[in-house]
>>> print(open('my_file_19.cif').read())   # mmCIF, C-alpha atoms
data_protein
#
loop_
_atom_site.group_PDB
_atom_site.id
_atom_site.type_symbol
_atom_site.label_atom_id
_atom_site.label_comp_id
_atom_site.auth_asym_id
_atom_site.auth_seq_id
_atom_site.Cartn_x
_atom_site.Cartn_y
_atom_site.Cartn_z
ATOM 1 C CA MET A 14 -1.533 0.600 16.193
ATOM 2 C CA PRO A 15 -0.150 -1.117 13.059
ATOM 3 C CA ARG A 16 -2.441 -0.897 10.037
ATOM 4 C CA ILE A 17 -3.151 -4.025 8.001
ATOM 5 C CA VAL A 18 -4.168 -3.274 4.418
ATOM 6 C CA PRO A 19 -5.266 -6.275 2.360
ATOM 7 C CA SER A 20 -4.611 -6.256 -1.358
ATOM 8 C CA VAL A 21 -7.471 -7.809 -3.300
ATOM 9 C CA LEU A 22 -5.207 -8.791 -6.194
ATOM 10 C CA PRO A 23 -5.438 -12.506 -5.207
ATOM 11 C CA ALA A 24 -9.204 -12.315 -4.578
ATOM 12 C CA ASN A 25 -11.869 -14.031 -6.650
ATOM 13 C CA PHE A 26 -12.788 -11.240 -9.062
ATOM 14 C CA ALA A 27 -16.231 -12.774 -9.583
ATOM 15 C CA ARG A 28 -17.048 -12.033 -5.943
ATOM 16 C CA LEU A 29 -15.071 -8.900 -5.164
ATOM 17 C CA GLY A 30 -17.878 -7.250 -3.230
ATOM 18 C CA THR A 31 -18.216 -10.291 -0.976
ATOM 19 C CA GLU A 32 -14.444 -10.477 -0.486
ATOM 20 C CA CYS A 33 -14.284 -6.788 0.451
ATOM 21 C CA ARG A 34 -17.079 -7.173 2.981
ATOM 22 C CA ALA A 35 -15.321 -10.170 4.506
ATOM 23 C CA LEU A 36 -12.078 -8.211 4.834
ATOM 24 C CA GLN A 37 -13.897 -5.313 6.457
ATOM 25 C CA ASP A 38 -15.618 -7.645 8.922
ATOM 26 C CA ALA A 39 -12.254 -9.258 9.667
ATOM 27 C CA GLY A 40 -10.749 -5.977 10.905
ATOM 28 C CA ALA A 41 -8.825 -4.669 7.894
ATOM 29 C CA ASP A 42 -7.877 -0.995 8.080
ATOM 30 C CA ARG A 43 -8.435 -0.277 4.394
ATOM 31 C CA ILE A 44 -8.313 -2.124 1.065
ATOM 32 C CA GLN A 45 -5.656 -1.796 -1.626
ATOM 33 C CA TRP A 46 -6.421 -2.025 -5.324
ATOM 34 C CA ASP A 47 -3.367 -2.962 -7.383
ATOM 35 C CA VAL A 48 -3.825 -1.178 -10.697
ATOM 36 C CA MET A 49 -1.451 -2.472 -13.390
ATOM 37 C CA ASP A 50 -1.357 -1.401 -17.021
ATOM 38 C CA GLY A 51 0.828 -4.015 -18.728
ATOM 39 C CA ARG A 52 3.384 -1.307 -19.493
ATOM 40 C CA PHE A 53 4.921 -0.025 -16.263
ATOM 41 C CA VAL A 54 4.667 -3.616 -15.032
ATOM 42 C CA PRO A 55 4.132 -6.745 -17.157
ATOM 43 C CA ASN A 56 0.723 -7.513 -15.678
ATOM 44 C CA LEU A 57 -2.769 -6.177 -16.350
ATOM 45 C CA THR A 58 -5.393 -5.923 -13.617
ATOM 46 C CA MET A 59 -8.449 -3.766 -12.885
ATOM 47 C CA GLY A 60 -9.788 -0.410 -13.949
ATOM 48 C CA PRO A 61 -11.821 2.209 -12.101
ATOM 49 C CA ASP A 62 -15.198 0.703 -13.001
ATOM 50 C CA ILE A 63 -14.376 -2.473 -11.069
ATOM 51 C CA ILE A 64 -13.335 -0.446 -8.032
ATOM 52 C CA ALA A 65 -16.454 1.703 -8.267
ATOM 53 C CA ALA A 66 -18.642 -1.414 -8.356
ATOM 54 C CA ALA A 67 -17.173 -2.578 -5.026
ATOM 55 C CA ARG A 68 -17.251 0.858 -3.391
ATOM 56 C CA ALA A 69 -20.869 0.604 -2.244
ATOM 57 C CA GLU A 70 -20.226 -2.727 -0.531
ATOM 58 C CA VAL A 71 -17.974 -1.471 2.283
ATOM 59 C CA GLN A 72 -17.152 1.617 4.317
ATOM 60 C CA LEU A 73 -13.393 1.036 4.453
ATOM 61 C CA GLU A 74 -11.092 3.497 2.758
ATOM 62 C CA PHE A 75 -9.823 2.349 -0.637
ATOM 63 C CA GLU A 76 -6.261 2.986 -1.759
ATOM 64 C CA ALA A 77 -5.363 2.783 -5.438
ATOM 65 C CA HIS A 78 -1.769 1.641 -5.963
ATOM 66 C CA LEU A 79 -1.140 2.850 -9.504
ATOM 67 C CA MET A 80 1.530 0.727 -11.165
ATOM 68 C CA VAL A 81 0.950 2.513 -14.453
ATOM 69 C CA GLU A 82 2.747 4.777 -16.863
ATOM 70 C CA GLU A 83 1.373 8.309 -17.223
ATOM 71 C CA PRO A 84 -0.836 8.102 -14.107
ATOM 72 C CA ASP A 85 -1.913 11.743 -14.539
ATOM 73 C CA ARG A 86 -4.179 10.859 -17.458
ATOM 74 C CA MET A 87 -6.705 9.031 -15.287
ATOM 75 C CA LEU A 88 -6.240 10.455 -11.790
ATOM 76 C CA PRO A 89 -9.815 11.795 -11.601
ATOM 77 C CA ARG A 90 -11.219 8.362 -12.455
ATOM 78 C CA TRP A 91 -9.640 6.679 -9.430
ATOM 79 C CA VAL A 92 -10.937 9.344 -7.064
ATOM 80 C CA GLU A 93 -14.382 9.215 -8.667
ATOM 81 C CA ALA A 94 -14.312 5.421 -8.203
ATOM 82 C CA GLY A 95 -14.037 5.976 -4.459
ATOM 83 C CA CYS A 96 -10.324 5.839 -3.657
ATOM 84 C CA GLY A 97 -9.500 8.161 -0.780
ATOM 85 C CA LEU A 98 -5.775 7.474 -1.146
ATOM 86 C CA VAL A 99 -3.988 7.386 -4.494
ATOM 87 C CA ILE A 100 -0.414 6.079 -4.628
ATOM 88 C CA VAL A 101 1.785 6.784 -7.642
ATOM 89 C CA HIS A 102 5.250 5.505 -8.433
ATOM 90 C CA VAL A 103 8.074 7.978 -8.523
ATOM 91 C CA GLU A 104 9.529 6.024 -11.463
ATOM 92 C CA ALA A 105 6.360 6.563 -13.522
ATOM 93 C CA CYS A 106 5.950 10.309 -12.979
ATOM 94 C CA ARG A 107 7.729 12.780 -15.214
ATOM 95 C CA HIS A 108 6.648 15.657 -12.964
ATOM 96 C CA LEU A 109 6.124 14.065 -9.556
ATOM 97 C CA HIS A 110 5.384 17.320 -7.755
ATOM 98 C CA ARG A 111 2.605 18.151 -10.213
ATOM 99 C CA THR A 112 1.112 14.643 -10.022
ATOM 100 C CA LEU A 113 0.957 14.605 -6.225
ATOM 101 C CA ALA A 114 -0.511 18.100 -6.156
ATOM 102 C CA ARG A 115 -3.194 16.984 -8.613
ATOM 103 C CA VAL A 116 -4.162 14.046 -6.384
ATOM 104 C CA ARG A 117 -4.643 16.410 -3.455
ATOM 105 C CA ASP A 118 -6.543 18.915 -5.588
ATOM 106 C CA LEU A 119 -8.966 16.110 -6.448
ATOM 107 C CA GLY A 120 -9.684 15.643 -2.741
ATOM 108 C CA ALA A 121 -7.710 12.455 -2.108
ATOM 109 C CA ARG A 122 -4.689 11.760 0.042
ATOM 110 C CA ALA A 123 -1.469 11.364 -1.918
ATOM 111 C CA GLY A 124 1.014 8.543 -1.619
ATOM 112 C CA VAL A 125 4.290 7.867 -3.378
ATOM 113 C CA ALA A 126 5.832 4.432 -3.952
ATOM 114 C CA LEU A 127 9.468 3.526 -4.520
ATOM 115 C CA ASN A 128 10.657 0.378 -6.267
ATOM 116 C CA PRO A 129 13.414 -1.590 -4.507
ATOM 117 C CA ALA A 130 16.179 -0.024 -6.617
ATOM 118 C CA THR A 131 14.923 3.559 -6.206
ATOM 119 C CA PRO A 132 16.683 5.596 -3.493
ATOM 120 C CA LEU A 133 14.828 7.640 -0.903
ATOM 121 C CA CYS A 134 16.376 10.857 -2.182
ATOM 122 C CA ALA A 135 13.950 10.645 -5.123
ATOM 123 C CA ILE A 136 11.153 11.925 -2.861
ATOM 124 C CA SER A 137 13.101 14.361 -0.701
ATOM 125 C CA ASN A 138 11.603 17.421 -2.400
ATOM 126 C CA VAL A 139 7.941 16.376 -2.414
ATOM 127 C CA LEU A 140 7.291 15.419 1.201
ATOM 128 C CA ASP A 141 5.132 18.505 1.703
ATOM 129 C CA LEU A 142 2.636 16.899 -0.691
ATOM 130 C CA VAL A 143 2.809 13.334 0.615
ATOM 131 C CA ASP A 144 0.546 11.593 3.116
ATOM 132 C CA LEU A 145 2.114 8.157 2.688
ATOM 133 C CA VAL A 146 5.401 6.675 1.524
ATOM 134 C CA LEU A 147 5.279 3.114 0.214
ATOM 135 C CA VAL A 148 8.524 1.138 0.214
ATOM 136 C CA MET A 149 8.167 -1.812 -2.146
ATOM 137 C CA THR A 150 9.615 -5.016 -0.722
ATOM 138 C CA VAL A 151 9.306 -6.791 -4.083
ATOM 139 C CA ASP A 152 9.563 -5.571 -7.641
ATOM 140 C CA PRO A 153 5.988 -4.645 -8.577
ATOM 141 C CA GLY A 154 3.857 -6.552 -11.040
ATOM 142 C CA PHE A 155 2.813 -9.861 -9.542
ATOM 143 C CA GLY A 156 1.423 -11.176 -6.278
ATOM 144 C CA GLY A 157 2.988 -14.045 -4.366
ATOM 145 C CA GLN A 158 6.595 -12.879 -4.669
ATOM 146 C CA CYS A 159 9.196 -13.431 -1.960
ATOM 147 C CA TYR A 160 9.848 -10.606 0.469
ATOM 148 C CA LEU A 161 13.163 -8.807 -0.040
ATOM 149 C CA SER A 162 14.655 -8.543 3.445
ATOM 150 C CA SER A 163 17.421 -6.421 1.896
ATOM 151 C CA MET A 164 14.878 -3.583 1.879
ATOM 152 C CA GLU A 165 14.790 -3.380 5.682
ATOM 153 C CA PRO A 166 17.677 -0.871 5.922
ATOM 154 C CA LYS A 167 15.797 1.257 3.388
ATOM 155 C CA ILE A 168 12.644 1.056 5.544
ATOM 156 C CA SER A 169 14.692 2.146 8.569
ATOM 157 C CA SER A 170 16.155 5.048 6.621
ATOM 158 C CA ALA A 171 12.676 6.045 5.483
ATOM 159 C CA ARG A 172 11.399 5.987 9.057
ATOM 160 C CA ALA A 173 14.250 8.259 10.188
ATOM 161 C CA PHE A 174 13.792 10.471 7.132
ATOM 162 C CA LEU A 175 10.067 10.956 7.767
ATOM 163 C CA ALA A 176 10.677 11.671 11.457
ATOM 164 C CA THR A 177 12.458 14.882 10.444
ATOM 165 C CA THR A 178 9.334 16.327 8.840
ATOM 166 C CA GLU A 179 6.713 18.377 10.640
ATOM 167 C CA ARG A 180 3.901 16.382 9.040
ATOM 168 C CA GLU A 181 2.677 12.914 9.996
ATOM 169 C CA ILE A 182 3.415 10.648 7.036
ATOM 170 C CA GLU A 183 2.472 6.975 6.951
ATOM 171 C CA LEU A 184 5.177 4.430 6.091
ATOM 172 C CA GLU A 185 3.760 1.437 4.255
ATOM 173 C CA VAL A 186 5.441 -1.699 2.941
ATOM 174 C CA ASP A 187 4.094 -3.922 0.184
ATOM 175 C CA GLY A 188 5.358 -7.220 -1.163
ATOM 176 C CA GLY A 189 5.694 -10.641 0.425
ATOM 177 C CA ILE A 190 4.235 -9.508 3.757
ATOM 178 C CA GLY A 191 3.057 -12.415 5.916
ATOM 179 C CA ARG A 192 3.584 -14.048 9.277
ATOM 180 C CA THR A 193 7.259 -14.811 8.658
ATOM 181 C CA THR A 194 8.202 -11.407 7.248
ATOM 182 C CA ILE A 195 6.110 -8.763 8.987
ATOM 183 C CA THR A 196 8.339 -8.794 12.060
ATOM 184 C CA GLY A 197 11.374 -7.658 10.089
ATOM 185 C CA ALA A 198 9.453 -4.914 8.330
ATOM 186 C CA ALA A 199 7.952 -3.700 11.610
ATOM 187 C CA ARG A 200 11.309 -3.703 13.390
ATOM 188 C CA ALA A 201 12.687 -1.635 10.523
ATOM 189 C CA GLY A 202 10.003 0.989 11.147
ATOM 190 C CA ALA A 203 7.041 0.317 8.875
ATOM 191 C CA THR A 204 3.666 1.285 10.326
ATOM 192 C CA THR A 205 1.329 -0.004 7.603
ATOM 193 C CA PHE A 206 1.506 -3.433 6.012
ATOM 194 C CA CYS A 207 -0.081 -4.466 2.723
ATOM 195 C CA ALA A 208 -0.721 -8.211 2.547
ATOM 196 C CA GLY A 209 -2.292 -10.164 -0.289
ATOM 197 C CA SER A 210 -1.311 -13.763 -0.805
ATOM 198 C CA ALA A 211 -0.692 -14.239 2.917
ATOM 199 C CA LEU A 212 -4.389 -13.586 3.536
ATOM 200 C CA PHE A 213 -5.941 -15.356 0.568
ATOM 201 C CA THR A 214 -3.851 -18.540 0.528
ATOM 202 C CA GLN A 215 -4.092 -19.438 4.227
ATOM 203 C CA ARG A 216 -6.524 -22.034 5.507
ATOM 204 C CA THR A 217 -7.464 -19.880 8.472
ATOM 205 C CA SER A 218 -9.958 -17.030 8.312
ATOM 206 C CA PHE A 219 -9.273 -13.444 7.297
ATOM 207 C CA THR A 220 -10.029 -12.495 10.909
ATOM 208 C CA THR A 221 -7.364 -14.819 12.285
ATOM 209 C CA GLU A 222 -4.723 -13.779 9.779
ATOM 210 C CA ILE A 223 -5.285 -10.044 10.117
ATOM 211 C CA ALA A 224 -5.258 -10.269 13.916
ATOM 212 C CA GLU A 225 -2.056 -12.311 13.894
ATOM 213 C CA LEU A 226 -0.279 -9.965 11.482
ATOM 214 C CA ARG A 227 -1.255 -6.997 13.643
ATOM 215 C CA ARG A 228 -0.106 -8.783 16.803
ATOM 216 C CA LEU A 229 3.282 -9.666 15.298
ATOM 217 C CA ALA A 230 3.799 -6.081 14.138
ATOM 218 C CA MET A 231 2.893 -4.721 17.580
ATOM 219 C CA VAL A 232 5.271 -7.120 19.337
ATOM 220 C CA ALA A 233 8.084 -6.194 16.965
ATOM 221 C CA ASP A 234 7.465 -2.479 17.393
ATOM 222 C CA ALA A 235 7.328 -2.769 21.173
ATOM 223 C CA GLY A 236 10.543 -4.759 21.097
ATOM 224 C CA MET A 237 12.243 -1.788 19.462
ATOM 225 C CA GLY A 238 11.090 0.488 22.265
ATOM 226 C CA ARG A 239 8.536 2.318 20.132
ATOM 227 C CA ALA A 240 4.888 2.926 20.863
ATOM 228 C CA ALA A 241 2.681 0.692 18.743
#
>>> encode(input="my_file_19.cif", output="structure tokens")
Amino acid sequence: MPRIVPSVLPANFARLGTECRALQDAGADRIQWDVMDGRFVPNLTMGPDIIAAARAEVQLEFEAHLMVEEPDRMLPRWVEAGCGLVIVHVEACRHLHRTLARVRDLGARAGVALNPATPLCAISNVLDLVDLVLVMTVDPGFGGQCYLSSMEPKISSARAFLATTEREIELEVDGGIGRTTITGAARAGATTFCAGSALFTQRTSFTTEIAELRRLAMVADAGMGRAA
């Protein structure tokens, strides 16, 4: 079953708890928090205290997508804030193996993200520490960007790459995911889809949008002869 993971970056920050509850009630699989530091990316978003304040409002798993330099400095804070999955960027980690191991030592699942220009070989030696691989389908930093369909061959390569491992590793895509783009990402092999603007800018309900995104991903996956 395809997983739909809303990003709350486009949400009304004055009512984050309410927005998270609405997403949970609408059938979201977990919630992504886009953490940006104004250095690794040119935008600045939320810190762990904001995430912690919303944690008591829902039961869904939280994932922290750390678009920050030197993520190791604050890893415990994101786990303490209630994030069961912490995703770091390979481009931001001087010692990626050590960073991923630290996430797991803290009791969270570890994910690794790759910018569009970063090749898959950058993570070939850390897959034993990874629970999720995130292929960015935009350059990180801002919501509402256009999906890069040129990343679909990379998604396909990642799917084949992960199939050679003995561990089950999630393959997530993030950036420009909506009704018109999720089919291509699903056909390429993604199993988890992070959507932000597509959910918050539509006139329909979260329930309708999440259900439709999941349906489109299932149809695309079935069309490729894979089990959904």
>>> resolve_selection(input="my_file_19.cif", expression="the PyMOL selection byres ((chain A and resi 182) around 8)", output="JSON, numbers by chain")
{"A": [143, 144, 145, 146, 175, 180, 181, 183, 184]}
>>> write_last_selection(input="my_file_19.cif", atoms="C-alpha atoms", output="PDB file, keeping the file's coordinate frame")
ATOM      1  CA  VAL A 143       2.809  13.334   0.615  1.00  0.00           C
ATOM      2  CA  ASP A 144       0.546  11.593   3.116  1.00  0.00           C
ATOM      3  CA  LEU A 145       2.114   8.157   2.688  1.00  0.00           C
ATOM      4  CA  VAL A 146       5.401   6.675   1.524  1.00  0.00           C
ATOM      5  CA  LEU A 175      10.067  10.956   7.767  1.00  0.00           C
ATOM      6  CA  ARG A 180       3.901  16.382   9.040  1.00  0.00           C
ATOM      7  CA  GLU A 181       2.677  12.914   9.996  1.00  0.00           C
ATOM      8  CA  GLU A 183       2.472   6.975   6.951  1.00  0.00           C
ATOM      9  CA  LEU A 184       5.177   4.430   6.091  1.00  0.00           C
TER      10      LEU A 184
END
>>> resolve_selection(input="my_file_19.cif", expression="the PyMOL selection byres ((chain A and resi 130) around 12)", output="VMD selection string")
chain A and resid 103 to 104 126 to 129 131 to 135 148 to 153 161 163 to 164 167
>>> atom_distance(input="my_file_19.cif", atom1="atom CA of Gly209 of chain A", atom2="atom CA of Leu36 of chain A")
11.2 Å
>>> atom_distance(input="my_file_19.cif", atom1="atom CA of Glu185 of chain A", atom2="atom CA of Ala41 of chain A")
14.5 Å
>>> atom_distance(input="my_file_19.cif", atom1="atom CA of Ile100 of chain A", atom2="atom CA of Val186 of chain A")
12.3 Å
>>> resolve_selection(input="my_file_19.cif", expression="the PyMOL selection byres ((chain A and resi 59) around 9)", output="PyMOL selection string")
chain A and resi 22+46-50+57-58+60-64
>>> closest_residue(input="my_file_19.cif", among="A:Ala114, A:Asp42, A:Val71, A:Arg86", to="Met14 of chain A", atoms="all atoms listed in the file")
A:Asp42
>>> closest_residue(input="my_file_19.cif", among="A:Gly157, A:Pro19, A:Pro55, A:Gly97", to="Met80 of chain A", atoms="all atoms listed in the file")
A:Pro55
>>> closest_residue(input="my_file_19.cif", among="A:Pro166, A:Gly197, A:Gly191, A:Pro15", to="Glu222 of chain A", atoms="only C-alpha atoms")
A:Gly191
>>> closest_residue(input="my_file_19.cif", among="A:Gln45, A:Ala66, A:Gln215, A:Asn56", to="Thr31 of chain A", atoms="only C-alpha atoms")
A:Ala66
>>> closest_residue(input="my_file_19.cif", among="A:Ala176, A:Val232, A:Ile223, A:Ile190", to="Ala208 of chain A", atoms="only C-alpha atoms")
A:Ile190
>>> closest_residue(input="my_file_19.cif", among="A:Val21, A:Val139, A:Ala94, A:Ala235", to="Leu109 of chain A", atoms="all atoms listed in the file")
A:Val139
>>> residues_near_point(input="my_file_19.cif", point="(5.2, 2.3, -18.9)", cutoff="9 Å", atoms="all atoms listed in the file", output="ChimeraX atom specification")
/A:50-54,80-83,105
>>> residues_around(input="my_file_19.cif", residues="Glu165 of chain A", least_positions_apart="3", cutoff="6 Å", atoms="all atoms listed in the file", output="list in words")
Ser162, Ile168 and Ala201 of chain A
